[in-house]
Amino acid sequence: MRNLIRHIGTIFIITTIIFTLKPVLAQEKIVNIYSYRQPDLIAPLLQEFSKQTGIKTKLLYLNKGLVERLKAEGANSPADIILTTDFSRLIALKNAHLLRKVTSEKINNNIPPQYRDEEGYWFGLTVRARVVFASKARVKQNDITYEELAEEKWRGKICSRSGQNIYNIGLFASMIAHHGVEKTKKWLKGLKANLARSPVGNDRAQIKAIYSGECDISLGNSYYAGLMRNNEEYPEQKQWEAAVKILFPNRDGRGTHVNLSGMGMAKYAPNPQNALLLMEFLASKKAQEIYAEQVYEYPVLRGAELSSTVKSFGQLKADKISLSTIAEYSAKASRLVDEVGFDD
Amino acid sequence: MVANFNPFPLSRSTFMQFDKYIILAFLLALLVALPIISLIFMALASDFTSLKHIVTSILPRASLTTIILLFGVGILTALIGSITAWLVSFFAFPMRKFFSWALILPLAVPTYISAYGFVEFFSFTGPVQTLIRNIFGFSSPREYWFFEIRSLGGAIIVLSLVLYPYVYLLVRALFIIQGRVAIEAGEVLGAAKEKIFIKILIPLARPALALGVILVMMEAINDIGAMEYLGVKTLTLSIFSVWINQGDFAGAAQIALILLFIVLLLILVEQFARRRQKFSEVGKSTYHAQFNLYKISGIKKWLASLICLLPILSGFGIPFIILGNYALKSLRNGIDIRLFNATLTSVSLALMAAILTVIFAIFLTYAVRIKPTKIMKFLARLASIGYAIPGTIIALGIFIPLANFDNFLDFYMRNWFGISSGLLITGSGLTLIYAYIVRFMAIAEGTISSSLQKISYNLDEAASLYGRGRFATFREIIFPLLRPAIASAALLVFIDTLKELSATIMLRPFGIETLSIYIHDLASRGRIEQASTASILIILVGIVPLIFLSRTIIKKVE
């Protein structure tokens with residue numbers, strides 16, 4: 001017993017020392033990334049970058065509290081670059097004065113103005129369209145609008161993930177930007193009334209529910225269809241995806257609501273040169289095509305080749321409204337979701 | 001109960017010793033309570049613009065859901081935990097020895113993993129519904145009704161099935177120590193066994209039952225992973241929508257304080273209901289007696305086995321089978337080296353957390369025992385309710401003051417010595433350990449103090465009459481009596497640290513990956529098969545200490 005205690009004590013001391021020293025020891029050419037995006041999604045990109053430049057990358061995935069953590073770390077923050085899955089977080093980072101201005105011709109030439117901050121604080125990397133997935137068997141129409149989702153004909157036929165999900169909030173905020181608060185609230189109530197079940201699961205789960213017959217249509221980001229269609233690890237998802245078709249809402253009108261994944265340089269980035277190199281790489285044709293090929297999103301770079309899967313979805317016509325305008329309404333959109341009890 | 005008690009002769013030397021100890025304990029309590037105090041400040045540092053929204057649109061619905069969840073889980077775990085503890089402690093039936101430790105197994109399954117396993121098991125494409133469709137020839141879910149596991153009711157069941165072991169463990173420990181005497185008393189009066197259970201054993205076990213249920217409720221209230229997955233909108237989920245989507249951290253902190261308030265209220269109500277009860281004081285003799293188990297007949301015997309088997313099968317078996325199946329598939333592609341590192345990190349973090357939390361808890365509870373001042377009691381309480389707050393929020397309560405301290409230190413180091421100390425604490429794994437201590441103090445403090453309360457004050461008094469100092473009394477008398485409770489506390493904290501996800505994500509520095517983070521990474525990308533291997537590892541690593549745990553409890557009987 002005494003021996004056991006002594007052993008545990010030794011392990012205890014050694015591990016404490018290792019944990020304390022670990023971050024201090026590494027001193028090499030490096031760029032540190034704080035990311036809202038899952039690590040293995042960007043792993044192939046980062047590998048390619050390290051291969052080209054010899055700069056190592058370290059990534060910390062944080063899905064909540066990134067802003068607060070950066071704020072608290074202040075000038076000593078190790079973060080060089082922040083990657084996000086959504087434009088409202090980019091704007092929130094800028095508003096919290098956590099980003100620094102970047103002027104790079106390489107980046108500006110590749111990313112169209114509507115997909116980057118006009119002052120150069122943040123840049124979009126991929127476009128993500130919020131589309132409607134519809135049952136091939138049960139839905140005849142091939143055109144749809146967001147507005148009609150609140151109409152009575154869809155009663156009990158729609159599945160949705162939580163209304164508080166960041167992509168839904170983006171869509172609802174864009175509805176406020178187009179129609180105002182009152183109309184949007186009415187629309188949300190109508191949408192809620194049409195749900196076949198309480199909001200649950202992610203975008204993939206909604207497609208699965210269409211396959212199993214629980215509902216006829218759902219809202220989701222288009223790339224999920226690509227990820228499922230080409231899922232070799234989990235081949236039953238191919239079957240689920242095969243049950244749905246993709247409708248681009250409002251394509252005859254203002255266009256489909258799109259979100260952005262993007263990047264910004266941390267205000268106190270300790271390795272700004274390396275960070276800039278990584279940002280330029282992520283905006284390059286090579287990286288944009290890796291994105292398109294592997295995660296089925298739309299590259300922001302015009303002329304970057306779309307993956308054949310994405311081409312098969314049909315033509316995307318994106319809503320042109322400015323993303324900063326939408327972002328102004330995201331808090332309101334989230335409150336509306338609470339007010340109408342969307343998630344109950 | 002002990003307010004007027006002063007066991008110490010007023011000699012100057014013991015007085016000094018005593019004060020140093022109290023000051024240390026006070027500081028430790030303050031350290032553990034600090035994140036909650038900083039959370040209170042964050043909640044108040046606000047223009048309260050969200051308050052109206054919170055009160056009108058969030059609270060009515062979300063608090064109702066939360067309260068139903070808490071009561072549901074509380075009642076169900078109390079039932080499962082105490083009935084199985086009763087059967088296993090007093091009756092002879094097939095496989096009783098196996099059940100006595102296997103009943104703890106579900107504790108090794110993190111709630112988010114269990115939720116996943118249950119949904120898979122009962123989903124449209126899962127084994128149960130597929131079987132039903134094959135038998136009855138249905139093709140669409142619209143043709144038949146099936147229980148929806150992604151619901152409040154489902155959440156109550158899923159959580160209860162992995163959390164009941166807290167109740168089981170604590171109640172069983174009490175039955176072993178005190179049950180026999182109580183039962184004999186009941187028999188002398190000629191009461192039936194079931195009546196003895198309800199009329200004598202349950203009231204006797206009430207402090208343990210209450211502690212178990214409160215721990216269960218705190219775990220249920222802070223859960224995000226499973227609730228999000230099951231689509232149950234509790235107050236905890238609203239914390240995140242207010243904070244992240246509505247950009248109001250102060251508002252989120254306010255909701256977190258409401259959670260604390262609910263938990264404090266529960267504790268107070270329970271204590272108030274129990275105010276007339278006296279703690280029984282145990283000497284060693286009671287648990288040395290050899291206990292003869294009751295023989296039960298035919299059907300009843302098998303029924304007892306079945307009752308014990310069901311919670312194990314569903315709480316442990318379902319997630320284990322679903323995930324084990326995936327894990328086997330993914331093992332064919334070889335083992336990821338990340339997995340090895342993550343296991344090592346998880347185990348060392350859990351080990352450190354367990355040791356430190358228990359040391360802190362001993363200091364705290366002992367300080368409350370020898371000097372039960374109001375402020376000390378208050379701090380001890382504050383220090384042990386961090387468990388009710390979601391990990392991410394408590395993590396911010398830790399990170400923000402510590403990072404400020406780091407930056408402050410760095411500033412002076414640069415000015416005076418020209419060296420940058422950088423983010424000394426927050427840049428290392430130490431913040432994580434701190435967070436675990438804060439989160440799991442409730443478990444350690446509860447387990448140890450409930451055991452300490454049963455040690456007679458006469459022992460302290462006797463020791464001090466023999467001229468023993470504070471430390472000697474503790475080492476020679478109190479510590480040996482507390483050993484089982486200390487072991488239980490350490491093992492529970494170890495297991496909970498292994499499973500912890502949200503504070504770990506928030507606080508970890510670059511390069512630290514634990515098993516829970518590994519699972520989260522892969523699962524959120526839909527790579528369930530690879531994630532399963534890690535889930536099974538968490539469960540297996542957790543089982544080893546669990547077996548130790550049940551041994552320490554059983555040893556007490558022998």
# chains A, B, ... in the order shown; residues from 1 in each chain; ligands from 1
>>> closest_atom_pairs(of="chain B", to="chain A", cutoff="8 Å", atoms="only C-alpha atoms", output="Markdown table")
| residue | atom | partner | partner_atom | distance |
| --- | --- | --- | --- | --- |
| B:His53 | CA | A:Arg335 | CA | 7.5 |
| B:Ser57 | CA | A:Glu339 | CA | 5.1 |
| B:Ile58 | CA | A:Asp338 | CA | 6.3 |
| B:Phe124 | CA | A:Ser212 | CA | 7.0 |
| B:Ser140 | CA | A:Gly213 | CA | 6.0 |
| B:Pro141 | CA | A:Gly213 | CA | 6.5 |
| B:Arg142 | CA | A:Glu214 | CA | 6.9 |
| B:Arg150 | CA | A:Val200 | CA | 7.4 |
| B:Glu228 | CA | A:Val200 | CA | 7.9 |
| B:Tyr229 | CA | A:Gly201 | CA | 6.2 |
| B:Leu230 | CA | A:Val200 | CA | 6.8 |
| B:Gly231 | CA | A:Val200 | CA | 4.9 |
| B:Lys233 | CA | A:Asp344 | CA | 7.1 |
| B:Ser241 | CA | A:Gln164 | CA | 6.3 |
| B:Val242 | CA | A:Ser334 | CA | 7.9 |
| B:Ile244 | CA | A:Lys64 | CA | 7.6 |
| B:Asn245 | CA | A:Ala331 | CA | 5.7 |
| B:Gln246 | CA | A:Ala331 | CA | 4.1 |
| B:Gly247 | CA | A:Ala331 | CA | 6.8 |
| B:Ser348 | CA | A:Thr15 | CA | 6.8 |
| B:Leu351 | CA | A:Phe12 | CA | 7.5 |
| B:Met352 | CA | A:Phe12 | CA | 6.1 |
| B:Thr392 | CA | A:Gly65 | CA | 7.6 |
| B:Leu396 | CA | A:Glu68 | CA | 7.6 |
| B:Phe399 | CA | A:Arg69 | CA | 7.3 |
| B:Ile400 | CA | A:Ala72 | CA | 5.3 |
| B:Ala403 | CA | A:Glu73 | CA | 5.5 |
| B:Asn404 | CA | A:Ala72 | CA | 6.4 |
| B:Asn407 | CA | A:Asn76 | CA | 7.0 |
| B:Gly422 | CA | A:Asn76 | CA | 5.7 |
| B:Leu423 | CA | A:Asn76 | CA | 6.3 |
| B:Gly427 | CA | A:Pro23 | CA | 7.0 |
| B:Ser428 | CA | A:Thr20 | CA | 5.1 |
| B:Gly429 | CA | A:Phe19 | CA | 5.3 |
| B:Leu430 | CA | A:Thr20 | CA | 7.1 |
| B:Ile505 | CA | A:Leu62 | CA | 6.3 |
| B:Met506 | CA | A:Leu62 | CA | 6.4 |
| B:Pro509 | CA | A:Leu60 | CA | 7.7 |
| B:Phe510 | CA | A:Leu60 | CA | 5.9 |
| B:Gly511 | CA | A:Lys58 | CA | 7.7 |
| B:Asp521 | CA | A:Gln38 | CA | 6.5 |
| B:Ser524 | CA | A:Gln38 | CA | 7.9 |
| B:Arg525 | CA | A:Gln38 | CA | 7.3 |
| B:Arg527 | CA | A:Glu233 | CA | 7.8 |
>>> residues_around(residues="Tyr112 (chain B)", least_positions_apart="3", cutoff="7 Å", atoms="only C-alpha atoms", output="PDB file with C-alpha atoms, in the first residue's frame")
ATOM      1  CA  ALA B 115     -27.393   9.085 -25.192  1.00  0.00           C
ATOM      2  CA  TYR B 116     -25.789   8.237 -28.489  1.00  0.00           C
ATOM      3  CA  GLY B 225     -23.896  16.837 -24.545  1.00  0.00           C
ATOM      4  CA  ALA B 226     -26.690  14.365 -23.907  1.00  0.00           C
TER       5      ALA B 226
END
>>> atom_distance(atom1="CA of Ile107 (chain A)", atom2="CA of Lys29 (chain A)")
22.1 Å
>>> select_by_dssp(residues="region 201-321 of chain A", states="helix (DSSP H, G or I)", output="PDB file with C-alpha atoms, in the first residue's frame")
ATOM      1  CA  ASP A 203     -28.567  18.347 -40.681  1.00  0.00           C
ATOM      2  CA  ARG A 204     -27.720  14.750 -41.542  1.00  0.00           C
ATOM      3  CA  ALA A 205     -30.303  13.450 -39.079  1.00  0.00           C
ATOM      4  CA  GLN A 206     -33.006  15.443 -40.912  1.00  0.00           C
ATOM      5  CA  ILE A 207     -32.052  13.773 -44.197  1.00  0.00           C
ATOM      6  CA  LYS A 208     -32.238  10.431 -42.452  1.00  0.00           C
ATOM      7  CA  ALA A 209     -35.721  11.341 -41.207  1.00  0.00           C
ATOM      8  CA  ILE A 210     -36.838  12.068 -44.781  1.00  0.00           C
ATOM      9  CA  TYR A 211     -35.446   8.701 -45.822  1.00  0.00           C
ATOM     10  CA  SER A 212     -37.297   6.937 -43.015  1.00  0.00           C
ATOM     11  CA  TYR A 223     -22.406  20.015 -48.430  1.00  0.00           C
ATOM     12  CA  TYR A 224     -23.980  17.469 -46.087  1.00  0.00           C
ATOM     13  CA  ALA A 225     -25.518  15.821 -49.128  1.00  0.00           C
ATOM     14  CA  GLY A 226     -22.040  15.547 -50.648  1.00  0.00           C
ATOM     15  CA  LEU A 227     -20.517  14.174 -47.466  1.00  0.00           C
ATOM     16  CA  MET A 228     -23.239  11.548 -47.207  1.00  0.00           C
ATOM     17  CA  ARG A 229     -23.256  10.600 -50.868  1.00  0.00           C
ATOM     18  CA  GLU A 236     -25.758   3.395 -45.279  1.00  0.00           C
ATOM     19  CA  GLN A 237     -25.714   7.200 -45.439  1.00  0.00           C
ATOM     20  CA  LYS A 238     -25.527   6.930 -49.235  1.00  0.00           C
ATOM     21  CA  GLN A 239     -28.947   5.329 -49.138  1.00  0.00           C
ATOM     22  CA  TRP A 240     -30.353   8.124 -46.965  1.00  0.00           C
ATOM     23  CA  GLU A 241     -28.990  10.801 -49.261  1.00  0.00           C
ATOM     24  CA  ALA A 242     -30.315   9.010 -52.322  1.00  0.00           C
ATOM     25  CA  PRO A 272       2.244  37.293 -38.029  1.00  0.00           C
ATOM     26  CA  GLN A 273       4.452  36.482 -41.047  1.00  0.00           C
ATOM     27  CA  ASN A 274       3.715  32.781 -40.843  1.00  0.00           C
ATOM     28  CA  ALA A 275       0.064  33.550 -40.250  1.00  0.00           C
ATOM     29  CA  LEU A 276      -0.084  35.705 -43.348  1.00  0.00           C
ATOM     30  CA  LEU A 277       1.496  32.918 -45.390  1.00  0.00           C
ATOM     31  CA  LEU A 278      -1.144  30.487 -44.162  1.00  0.00           C
ATOM     32  CA  MET A 279      -3.952  32.928 -44.922  1.00  0.00           C
ATOM     33  CA  GLU A 280      -2.643  33.462 -48.442  1.00  0.00           C
ATOM     34  CA  PHE A 281      -2.369  29.732 -48.877  1.00  0.00           C
ATOM     35  CA  LEU A 282      -5.964  29.151 -47.728  1.00  0.00           C
ATOM     36  CA  LYS A 285      -6.497  28.134 -55.937  1.00  0.00           C
ATOM     37  CA  LYS A 286      -4.848  24.952 -54.697  1.00  0.00           C
ATOM     38  CA  ALA A 287      -6.379  25.186 -51.196  1.00  0.00           C
ATOM     39  CA  GLN A 288      -9.748  26.284 -52.533  1.00  0.00           C
ATOM     40  CA  GLU A 289      -9.909  23.221 -54.733  1.00  0.00           C
ATOM     41  CA  ILE A 290      -8.949  20.919 -51.863  1.00  0.00           C
ATOM     42  CA  TYR A 291     -11.864  22.434 -49.936  1.00  0.00           C
ATOM     43  CA  ALA A 292     -14.244  21.959 -52.816  1.00  0.00           C
ATOM     44  CA  GLU A 293     -13.119  18.427 -53.499  1.00  0.00           C
ATOM     45  CA  GLN A 294     -13.068  17.159 -49.937  1.00  0.00           C
ATOM     46  CA  VAL A 295     -15.849  18.921 -48.085  1.00  0.00           C
ATOM     47  CA  SER A 308     -18.416  16.833 -59.529  1.00  0.00           C
ATOM     48  CA  THR A 309     -20.769  16.078 -56.661  1.00  0.00           C
ATOM     49  CA  VAL A 310     -21.395  19.774 -56.057  1.00  0.00           C
ATOM     50  CA  LYS A 311     -21.964  20.370 -59.775  1.00  0.00           C
ATOM     51  CA  SER A 312     -24.682  17.722 -59.717  1.00  0.00           C
TER      52      SER A 312
END
>>> closest_atom_pairs(of="region 69-116 of chain B", to="region 470-494 of chain B", cutoff="12 Å", atoms="only C-alpha atoms", output="tab-separated table")
residue	atom	partner	partner_atom	distance
B:Ile104	CA	B:Leu492	CA	10.8
B:Leu107	CA	B:Leu492	CA	8.9
B:Ala108	CA	B:Leu492	CA	9.7
>>> closest_residue(among="A:Arg302, A:Arg116, A:Lys136, A:Lys267", to="Ser284 (chain A)", atoms="only C-alpha atoms")
A:Arg302
